[in-house]
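Shown next: upload-v4.txt, containing compact mmCIF, C-alpha atoms.
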```txt
# COMPACT_ATOMS: atom_id res chain seq x y z
CA MET A 1294 23.30 7.83 14.78
CA VAL A 1295 26.25 9.41 12.98
CA LEU A 1296 25.65 12.60 11.04
CA GLU A 1297 27.56 12.46 7.76
CA GLY A 1298 26.17 15.56 6.11
CA ARG A 1299 24.25 18.73 6.82
CA LEU A 1300 21.36 20.91 5.80
CA GLU A 1301 22.54 24.14 4.29
CA ASP A 1302 20.68 27.33 5.11
CA SER A 1303 20.25 27.97 1.39
CA GLY A 1304 18.14 24.86 0.75
CA SER A 1305 17.76 21.14 1.18
CA GLN A 1306 20.89 19.06 0.87
CA SER A 1307 21.24 15.33 1.37
CA ILE A 1308 22.19 14.21 4.85
CA HIS A 1309 23.03 10.68 5.81
CA TYR A 1310 22.85 9.08 9.18
CA GLY A 1311 22.28 5.65 10.56
CA SER A 1312 21.01 4.32 13.82
CA ASN A 1313 20.80 1.00 15.58
CA VAL A 1314 17.93 -0.53 17.50
CA SER A 1315 18.74 -4.08 18.36
CA SER A 1316 18.30 -7.15 20.50
CA HIS A 1317 22.04 -7.76 20.54
CA ASN A 1318 22.10 -8.54 24.25
CA PRO A 1319 23.52 -12.07 24.62
CA CYS A 1320 20.67 -12.74 27.07
CA TYR A 1321 18.10 -12.16 24.31
CA PHE A 1322 15.99 -15.20 25.15
CA SER A 1323 16.33 -14.80 28.90
CA SER A 1324 14.95 -11.26 28.58
CA TYR A 1325 11.62 -12.86 27.71
CA GLY A 1326 11.64 -14.51 31.10
CA ASP A 1327 11.09 -11.06 32.61
CA LEU A 1328 7.49 -11.02 33.85
CA LYS A 1329 7.29 -7.24 33.35
CA VAL A 1330 7.73 -7.72 29.61
CA HIS A 1331 4.78 -10.11 29.49
CA GLU A 1332 2.70 -7.95 31.79
CA LEU A 1333 3.21 -5.02 29.39
CA MET A 1334 2.13 -7.08 26.37
CA LEU A 1335 -0.86 -8.67 28.11
CA LYS A 1336 -2.09 -5.29 29.33
CA ASP A 1337 -1.92 -3.93 25.80
CA LYS A 1338 -5.69 -4.21 25.39
CA VAL A 1339 -5.64 -3.50 21.65
CA ARG A 1340 -3.06 -6.22 21.01
CA THR A 1341 -4.52 -8.92 23.27
CA GLU A 1342 -8.17 -8.38 22.38
CA PHE A 1343 -7.32 -8.25 18.68
CA TYR A 1344 -5.71 -11.69 18.79
CA LYS A 1345 -8.60 -13.07 20.81
CA ASN A 1346 -11.13 -11.63 18.38
CA VAL A 1347 -9.31 -12.83 15.27
CA ILE A 1348 -9.12 -16.37 16.69
CA PHE A 1349 -12.71 -16.52 17.94
CA SER A 1350 -14.04 -14.89 14.77
CA ASN A 1351 -12.44 -17.67 12.73
CA LYS A 1352 -13.16 -20.77 14.80
CA GLU A 1353 -13.67 -22.69 11.56
CA ILE A 1354 -9.92 -22.40 10.91
CA PHE A 1355 -8.99 -23.73 14.38
CA GLN A 1356 -11.69 -26.32 14.98
CA ASP A 1357 -10.12 -29.80 15.30
CA LYS A 1358 -6.84 -28.48 13.87
CA ILE A 1359 -3.21 -28.79 14.99
CA VAL A 1360 -1.68 -25.42 15.90
CA MET A 1361 1.84 -24.20 16.61
CA ASP A 1362 2.23 -21.05 18.73
CA VAL A 1363 5.77 -19.69 18.30
CA GLY A 1364 7.05 -17.64 21.23
CA THR A 1365 4.04 -18.48 23.36
CA GLY A 1366 5.20 -16.46 26.37
CA THR A 1367 2.56 -16.91 29.07
CA GLY A 1368 0.56 -19.13 26.71
CA ILE A 1369 -2.44 -16.88 26.22
CA LEU A 1370 -2.64 -17.32 22.44
CA SER A 1371 -2.39 -21.09 22.81
CA ILE A 1372 -5.25 -20.99 25.30
CA PHE A 1373 -7.35 -18.87 22.91
CA CYS A 1374 -6.70 -21.45 20.18
CA ALA A 1375 -7.71 -24.31 22.47
CA GLN A 1376 -10.85 -22.45 23.50
CA ALA A 1377 -11.64 -21.97 19.79
CA GLY A 1378 -11.64 -25.73 19.33
CA ALA A 1379 -8.08 -26.68 18.36
CA LYS A 1380 -7.38 -30.40 18.69
CA LYS A 1381 -3.72 -29.93 19.63
CA VAL A 1382 -1.59 -26.84 20.32
CA TYR A 1383 2.19 -26.92 20.50
CA ALA A 1384 3.23 -23.89 22.56
CA ILE A 1385 6.90 -23.17 21.82
CA GLU A 1386 8.88 -20.96 24.19
CA ARG A 1387 12.65 -20.81 24.62
CA SER A 1388 12.79 -18.68 27.77
CA GLU A 1389 12.14 -19.71 31.38
CA ILE A 1390 8.62 -18.25 31.14
CA ALA A 1391 7.72 -21.62 29.56
CA LYS A 1392 7.46 -23.13 33.05
CA LEU A 1393 4.93 -20.48 34.05
CA ALA A 1394 3.04 -21.03 30.77
CA ALA A 1395 2.72 -24.73 31.60
CA ASP A 1396 1.28 -23.83 35.01
CA ILE A 1397 -1.22 -21.44 33.41
CA VAL A 1398 -2.26 -24.16 30.95
CA LYS A 1399 -2.80 -26.50 33.91
CA GLU A 1400 -4.73 -23.79 35.74
CA ASN A 1401 -7.11 -23.63 32.75
CA ASN A 1402 -7.49 -27.45 32.56
CA LEU A 1403 -6.07 -27.60 29.05
CA THR A 1404 -3.09 -29.92 29.50
CA ASP A 1405 -4.80 -32.50 27.28
CA VAL A 1406 -4.79 -30.00 24.38
CA ILE A 1407 -1.77 -27.72 24.91
CA GLU A 1408 1.78 -29.03 25.10
CA VAL A 1409 4.35 -26.45 26.21
CA ILE A 1410 7.79 -27.10 24.72
CA GLN A 1411 10.71 -25.15 26.16
CA GLU A 1412 13.01 -25.00 23.16
CA GLN A 1413 14.10 -22.68 20.38
CA VAL A 1414 11.69 -23.31 17.52
CA GLU A 1415 14.52 -24.05 15.10
CA ASN A 1416 15.35 -27.11 17.22
CA VAL A 1417 11.81 -28.38 17.76
CA VAL A 1418 10.80 -31.78 16.38
CA LEU A 1419 7.08 -32.55 16.14
CA PRO A 1420 5.35 -35.82 15.28
CA CYS A 1421 3.35 -34.15 12.50
CA LYS A 1422 2.88 -30.98 10.45
CA VAL A 1423 0.58 -28.25 11.78
CA ASP A 1424 -2.49 -26.70 10.19
CA VAL A 1425 -2.05 -23.26 11.73
CA LEU A 1426 1.05 -21.25 12.69
CA ILE A 1427 0.29 -18.39 15.05
CA SER A 1428 2.60 -15.94 16.79
CA GLU A 1429 2.79 -12.42 18.13
CA TRP A 1430 6.35 -11.88 16.98
CA MET A 1431 6.30 -8.22 15.90
CA GLY A 1432 8.76 -5.75 17.37
CA PHE A 1433 9.12 -2.00 17.07
CA TYR A 1434 8.87 -0.94 13.40
CA LEU A 1435 7.98 -4.63 12.85
CA LEU A 1436 11.53 -6.01 12.50
CA HIS A 1437 13.10 -5.10 15.84
CA GLU A 1438 14.15 -8.26 17.74
CA GLY A 1439 14.64 -10.28 14.54
CA MET A 1440 12.04 -12.90 15.55
CA LEU A 1441 10.63 -13.14 12.03
CA ASP A 1442 13.49 -15.48 11.14
CA SER A 1443 12.11 -17.98 13.63
CA ILE A 1444 8.63 -17.71 12.13
CA ILE A 1445 10.03 -18.42 8.69
CA ALA A 1446 11.94 -21.43 10.04
CA ALA A 1447 8.77 -22.76 11.67
CA ARG A 1448 6.82 -22.23 8.46
CA ASP A 1449 9.35 -24.09 6.35
CA THR A 1450 9.66 -26.99 8.77
CA HIS A 1451 6.28 -27.43 10.41
CA LEU A 1452 3.44 -25.85 8.39
CA LYS A 1453 1.36 -28.10 6.17
CA GLU A 1454 0.96 -27.18 2.53
CA GLY A 1455 -2.06 -24.90 2.43
CA GLY A 1456 -1.80 -24.20 6.16
CA LYS A 1457 -2.68 -20.81 7.65
CA MET A 1458 -0.36 -18.21 9.16
CA PHE A 1459 -1.58 -15.71 11.78
CA PRO A 1460 -0.55 -13.08 10.71
CA TYR A 1461 0.30 -13.69 7.07
CA LYS A 1462 0.97 -10.22 5.63
CA CYS A 1463 2.90 -7.23 7.00
CA ILE A 1464 3.44 -3.69 5.74
CA ILE A 1465 5.93 -1.14 7.07
CA TYR A 1466 5.07 2.53 6.49
CA SER A 1467 6.95 5.81 6.79
CA ALA A 1468 5.91 9.45 6.69
CA PRO A 1469 7.47 12.84 7.44
CA CYS A 1470 6.25 14.29 10.71
CA GLN A 1471 6.43 17.12 13.18
CA LEU A 1472 7.95 16.50 16.60
CA PRO A 1473 6.95 19.46 18.78
CA GLY A 1474 8.04 17.63 21.92
CA TYR A 1475 11.60 17.58 20.60
CA PHE A 1476 11.60 21.10 19.12
CA GLN A 1477 8.96 23.78 19.88
CA LEU A 1478 8.36 22.64 23.46
CA TRP A 1479 11.75 24.03 24.46
CA ASP A 1480 11.49 27.37 22.65
CA ASP A 1481 9.35 28.69 25.50
CA PHE A 1482 9.15 26.35 28.46
CA GLN A 1483 7.14 27.91 31.28
CA GLY A 1484 8.27 31.33 30.10
CA VAL A 1485 11.94 30.29 29.89
CA LYS A 1486 13.83 29.94 26.60
CA MET A 1487 15.41 26.49 26.63
CA SER A 1488 16.17 25.85 22.96
CA THR A 1489 19.75 25.03 23.98
CA LEU A 1490 18.41 22.13 26.03
CA GLY A 1491 16.23 21.09 23.09
CA GLN A 1492 19.29 20.96 20.86
CA ALA A 1493 21.16 18.85 23.43
CA LEU A 1494 18.21 16.45 23.76
CA ARG A 1495 17.97 16.07 19.97
CA LYS A 1496 21.67 15.39 19.83
CA GLY A 1497 21.11 12.60 22.33
CA CYS A 1498 18.45 11.18 20.00
CA GLN A 1499 21.02 10.75 17.23
CA GLY A 1500 22.14 7.44 18.78
CA GLU A 1501 18.95 5.54 18.05
CA PRO A 1502 15.36 6.01 16.87
CA GLN A 1503 12.84 7.03 19.50
CA ILE A 1504 9.89 4.85 20.48
CA THR A 1505 7.09 7.31 21.13
CA ARG A 1506 3.52 8.16 20.27
CA ILE A 1507 2.91 10.57 17.43
CA ALA A 1508 -0.33 12.51 17.13
CA SER A 1509 -2.02 11.91 13.79
CA SER A 1510 -2.19 15.71 13.41
CA ASP A 1511 1.62 15.78 13.39
CA LEU A 1512 1.93 13.63 10.27
CA LEU A 1513 2.80 15.69 7.20
CA SER A 1514 1.56 13.14 4.67
CA ASP A 1515 -0.09 9.78 4.35
CA GLY A 1516 2.13 6.80 5.04
CA LYS A 1517 4.28 5.46 2.21
CA GLU A 1518 4.90 1.73 1.96
CA VAL A 1519 8.46 0.81 2.88
CA ALA A 1520 8.02 -2.95 2.53
CA ILE A 1521 5.23 -5.48 2.00
CA LEU A 1522 5.96 -8.95 3.35
CA ASP A 1523 3.95 -12.01 2.33
CA LEU A 1524 4.86 -14.42 5.11
CA TYR A 1525 3.87 -17.44 3.05
CA ARG A 1526 6.75 -16.61 0.70
CA THR A 1527 9.19 -14.24 2.45
CA THR A 1528 12.69 -15.62 2.99
CA CYS A 1529 15.29 -14.73 5.61
CA ASP A 1530 17.62 -13.48 2.88
CA GLU A 1531 15.00 -10.95 1.80
CA LEU A 1532 15.08 -9.50 5.30
CA ASN A 1533 18.81 -8.80 5.20
CA LYS A 1534 18.25 -5.41 3.60
CA ILE A 1535 15.15 -3.39 2.85
CA SER A 1536 15.77 -0.18 0.91
CA VAL A 1537 13.36 2.36 -0.51
CA ARG A 1538 13.48 5.91 -1.90
CA GLN A 1539 10.33 7.85 -1.07
CA PHE A 1540 8.82 11.11 -2.23
CA VAL A 1541 5.76 12.99 -0.96
CA ALA A 1542 4.10 16.36 -1.34
CA VAL A 1543 3.35 17.38 2.25
CA SER A 1544 -0.33 17.72 3.04
CA LYS A 1545 -0.14 20.90 5.10
CA ARG A 1546 2.07 23.69 6.32
CA GLY A 1547 4.33 22.61 9.16
CA ASP A 1548 7.79 21.72 10.41
CA TYR A 1549 9.51 18.69 8.92
CA GLN A 1550 11.33 17.35 11.96
CA GLY A 1551 11.44 13.59 11.63
CA ILE A 1552 10.42 10.38 9.89
CA CYS A 1553 7.75 8.25 11.56
CA LEU A 1554 7.62 4.46 11.07
CA TRP A 1555 4.77 2.08 11.86
CA PHE A 1556 3.38 -1.22 10.61
CA THR A 1557 0.23 -3.20 9.98
CA VAL A 1558 -0.28 -6.97 10.07
CA GLU A 1559 -3.11 -8.79 8.31
CA PHE A 1560 -4.69 -12.07 9.37
CA PRO A 1561 -6.48 -14.70 7.27
CA SER A 1562 -10.18 -15.31 7.67
CA ALA A 1563 -12.66 -18.10 7.21
CA GLU A 1564 -14.49 -18.24 3.90
CA GLY A 1565 -16.99 -15.42 3.51
CA LYS A 1566 -15.38 -13.22 6.16
CA GLU A 1567 -13.14 -10.18 5.76
CA ASN A 1568 -9.51 -10.32 6.83
CA MET A 1569 -8.69 -8.41 10.01
CA VAL A 1570 -5.82 -5.90 10.19
CA LEU A 1571 -3.94 -4.80 13.30
CA SER A 1572 -2.46 -1.34 12.81
CA THR A 1573 0.11 0.57 14.87
CA SER A 1574 -0.30 3.83 12.95
CA PRO A 1575 -0.78 7.21 14.67
CA MET A 1576 -4.40 7.11 13.41
CA SER A 1577 -5.13 3.82 15.20
CA PRO A 1578 -5.77 3.00 18.88
CA LYS A 1579 -2.62 3.13 21.00
CA THR A 1580 -0.50 0.00 21.44
CA HIS A 1581 2.70 -0.84 23.29
CA TRP A 1582 4.51 -0.69 19.93
CA LYS A 1583 3.77 3.06 19.71
CA GLN A 1584 5.61 4.47 16.66
CA THR A 1585 9.30 4.57 15.81
CA VAL A 1586 10.66 8.04 15.06
CA ILE A 1587 13.94 9.13 13.53
CA VAL A 1588 14.54 12.63 14.84
CA LEU A 1589 16.21 15.03 12.40
CA PRO A 1590 19.04 17.16 13.80
CA VAL A 1591 17.35 20.32 12.46
CA HIS A 1592 13.86 21.13 11.26
CA VAL A 1593 12.74 22.32 7.85
CA GLU A 1594 9.73 24.62 7.46
CA VAL A 1595 7.42 23.33 4.73
CA GLU A 1596 4.33 24.67 3.02
CA GLU A 1597 1.40 22.62 1.74
CA ASN A 1598 2.43 20.61 -1.36
CA ASP A 1599 6.14 21.21 -0.79
CA PRO A 1600 8.09 18.13 -1.92
CA VAL A 1601 10.02 16.02 0.59
CA ALA A 1602 12.22 13.06 -0.37
CA TRP A 1603 14.22 10.54 1.60
CA GLU A 1604 15.88 7.15 1.37
CA LEU A 1605 15.33 4.63 4.12
CA VAL A 1606 17.43 1.49 4.55
CA LEU A 1607 16.80 -1.22 7.14
CA GLU A 1608 19.85 -3.46 7.08
CA ARG A 1609 20.63 -6.47 9.21
CA ASN A 1610 23.87 -6.22 11.16
CA SER A 1611 26.31 -8.78 9.76
CA MET A 1612 27.69 -9.50 13.24
CA ASN A 1613 24.29 -10.09 14.85
CA HIS A 1614 21.30 -11.18 12.77
CA ARG A 1615 18.85 -9.93 15.39
CA MET A 1616 20.21 -6.41 15.05
CA TYR A 1617 19.12 -3.89 12.41
CA ASN A 1618 20.81 -0.70 11.37
CA ILE A 1619 18.47 2.05 10.21
CA HIS A 1620 19.94 4.48 7.70
CA LEU A 1621 18.06 7.63 6.66
CA THR A 1622 19.16 9.93 3.87
CA MET A 1623 17.35 13.21 3.32
CA LEU A 1624 17.27 13.77 -0.43
CA ASP A 1625 17.02 16.98 -2.42
CA PRO A 1626 13.58 17.01 -4.14
CA GLU A 1627 14.98 19.16 -6.95
CA THR A 1628 17.25 16.35 -8.11
CA GLU A 1629 14.88 13.43 -7.44
CA THR A 1630 12.50 11.95 -10.00
CA HIS A 1631 8.95 12.97 -9.15
CA PRO A 1632 5.97 10.63 -9.53
CA MET A 1633 3.56 11.40 -12.34
CA PRO A 1634 1.22 13.06 -11.80
CA CYS A 1635 2.77 14.87 -8.83
CA ASP A 1636 0.90 17.10 -6.38
CA CYS A 1637 3.95 19.07 -5.30
CA SER A 1638 4.42 22.82 -5.73
CA PHE A 1639 7.17 22.64 -8.38
CA MET A 1640 6.11 24.49 -11.53
CA LYS A 1641 6.98 21.60 -13.85
CA CYS A 1642 4.80 19.25 -11.82
CA LYS A 1643 1.92 21.73 -11.86
CA VAL A 1644 2.16 22.05 -15.64
CA ILE A 1645 2.25 18.26 -16.13
CA LYS A 1646 -0.69 17.76 -13.77
CA ALA A 1647 -2.74 20.40 -15.61
CA PHE A 1648 -1.84 18.86 -18.95
CA LEU A 1649 -2.89 15.40 -17.77
CA ALA A 1650 -6.17 16.79 -16.48
CA GLN A 1651 -6.88 18.15 -19.98
CA GLN A 1652 -5.61 15.21 -21.99
CA GLY A 1653 -6.45 12.32 -19.68
CA SER A 1654 -3.87 9.86 -18.36
CA GLU A 1655 -3.57 7.61 -21.39
CA GLU A 1656 -0.39 5.56 -21.54
CA ASP A 1657 0.82 7.29 -24.72
CA THR A 1658 0.45 10.70 -23.05
CA MET A 1659 2.48 9.56 -20.03
CA GLU A 1660 5.23 8.17 -22.26
CA GLU A 1661 5.45 11.47 -24.13
CA ILE A 1662 5.78 13.38 -20.86
CA ILE A 1663 8.45 11.00 -19.57
CA ASP A 1664 10.43 11.38 -22.79
CA CYS A 1665 10.12 15.15 -22.55
CA THR A 1666 11.14 15.42 -18.88
CA THR A 1667 14.02 13.00 -19.42
CA THR A 1668 15.32 15.18 -22.22
CA ASP A 1669 14.96 18.29 -20.06
CA ASP A 1670 16.87 16.66 -17.19
CA ASN A 1671 19.75 15.78 -19.51
CA ASP A 1672 20.05 19.28 -20.92
```
Encoded form using structure tokens:
Amino acid sequence: MVLEGRLEDSGSQSIHYGSNVSSHNPCYFSSYGDLKVHELMLKDKVRTEFYKNVIFSNKEIFQDKIVMDVGTGTGILSIFCAQAGAKKVYAIERSEIAKLAADIVKENNLTDVIEVIQEQVENVVLPCKVDVLISEWMGFYLLHEGMLDSIIAARDTHLKEGGKMFPYKCIIYSAPCQLPGYFQLWDDFQGVKMSTLGQALRKGCQGEPQITRIASSDLLSDGKEVAILDLYRTTCDELNKISVRQFVAVSKRGDYQGICLWFTVEFPSAEGKENMVLSTSPMSPKTHWKQTVIVLPVHVEVEENDPVAWELVLERNSMNHRMYNIHLTMLDPETETHPMPCDCSFMKCKVIKAFLAQQGSEEDTMEEIIDCTTTDDND
């Protein structure tokens, strides 16, 4: 994470820095042969039980259907699908864990239903299209590991028209947050002032985002949508760069010390049933994904309704498509366009909000305000 700017004592200035979290290790696939990785995921009760529940709650979708499980790992999702009544399950796994998955399938007497194929999904040839494409492909902040490309390839090659994807919709969120474990903890540690150590630790965080759990009480606003992905339509090219400028009025007094990222994934349901959503937010039950945090080099004290603005860019590394660079720019709220109406503490926003409350939010009124504020900004 390279700091290219600074925060002046006199007020908020834009700072730019980027960080890399990647699966650029040339042994990417072999890393999934590590049993500890699969043990961690299987023991994530929220994750594993959610997938089981979403499959068993929608048996109508799986009954007598052909299923492809991309990145099957130990094969547990394939087994859930078979138990839900699938006619045939193709369990695709590139790493050496495929051999263990085949043994587990045999252990469960499902070799007549589940076929484990040790191959990269892009190279798989099947005798027919599949009705359902299922996978637990999500990485930290959703995109880490770059496995979504493989899901898209499988969709384009193997999924029947009108087939179902589990999951089918993803949303990445961001929000400003407090990080007392990186800041206040060291101001008085067991009666000893260790802020110098805190500064050194934060400097060490500038190399990459931190994967940690954030208390919901440390969020300074609701989450803002960074990206919404419809997996029935998303292309690999669309994943090359995701960029968004965001603006919030903080919900309480606190210390703006970082940006927190998390994601949700939504699953289809049988007719008459509600879709189920798996969330990794600080407000949801804990998962192995935790949250991804970009630690700021300094903190900014904020009051309730103070405006905070930033630009977030998730950009694929041109040298390694499984690697993403994360760029965060702290923006000056005084020079950014505010949403209308805006809940922040700036006087102009208060006046506009009061005016809208009196006049209503008719389209003509909004256009008049936009014209007026645009003129003011150009003066």
State, in Å with one decimal place, the distance from atom CA of A:Pro1626 to atom CA of A:His1592. 15.9 Å
Neighbouring residues of A:Arg1340 were defined as those with any atom within 8 Å, considering all atoms listed in the file; residues of the same chain fewer than 6 positions away were excluded. Please report them as a PDB file with C-alpha atoms, in the frame of the given file.
```pdb
ATOM      1  CA  MET A1334       2.130  -7.080  26.370  1.00  0.00           C
ATOM      2  CA  LEU A1571      -3.940  -4.800  13.300  1.00  0.00           C
ATOM      3  CA  THR A1580      -0.500   0.000  21.440  1.00  0.00           C
TER       4      THR A1580
END
```
Near A:Ala1468, within 9 Å and counting all atoms listed in the file, which residues show up once chain neighbours fewer than 3 positions away are dropped, as a PyMOL selection string? chain A and resi 1512-1517+1541+1551-1554
Using all atoms listed in the file, which protein or nucleic acid residues come within 12 Å of stretch 1387-1402 of chain A? Drop anything in the same chain fewer than 3 positions from it, and give the result as an NGL selection string. :A and (1320-1332 or 1362-1376 or 1382-1384 or 1405-1417 or 1443)
From the options A:Gly1565, A:Ile1359, A:Val1339, A:Glu1629, which residue's atoms come nearest to A:Lys1579, counting only C-alpha atoms? A:Val1339
Report as a ChimeraX atom specification all protein, DNA and RNA residues lying within 12 Å of A:Gln1492, evaluated on only C-alpha atoms, omitting residues in the same chain fewer than 2 positions from it. /A:1474-1480,1486-1490,1494-1499,1588-1592
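Counting all atoms listed in the file and comparing A:Lys1545, A:Lys1381, A:Asn1351, A:Leu1335, the residue that lies closest to A:Thr1404 is A:Lys1381.
Considering all atoms listed in the file, the residue among A:Glu1594, A:Glu1608, A:Asp1481, A:Asp1625 positioned nearest to A:Gly1439 is A:Glu1608.
Interatomic distance, atom CA of A:Gln1550 against atom CA of A:Val1593: 6.6 Å.
From atom CA of A:Arg1546 back to atom CA of A:Phe1482, the distance works out to 23.4 Å.
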Which residues come within 10 Å of A:Arg1506, counting all atoms listed in the file, excluding same-chain residues fewer than 4 positions away, as an MDAnalysis selection string? chainID A and resid 1553 1573:1575 1579:1586
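Among A:Glu1567, A:Asp1530, A:Asp1548, A:Asp1636, the residue with the shortest atom-to-atom distance to A:Asp1511, counting only C-alpha atoms, is A:Asp1548.
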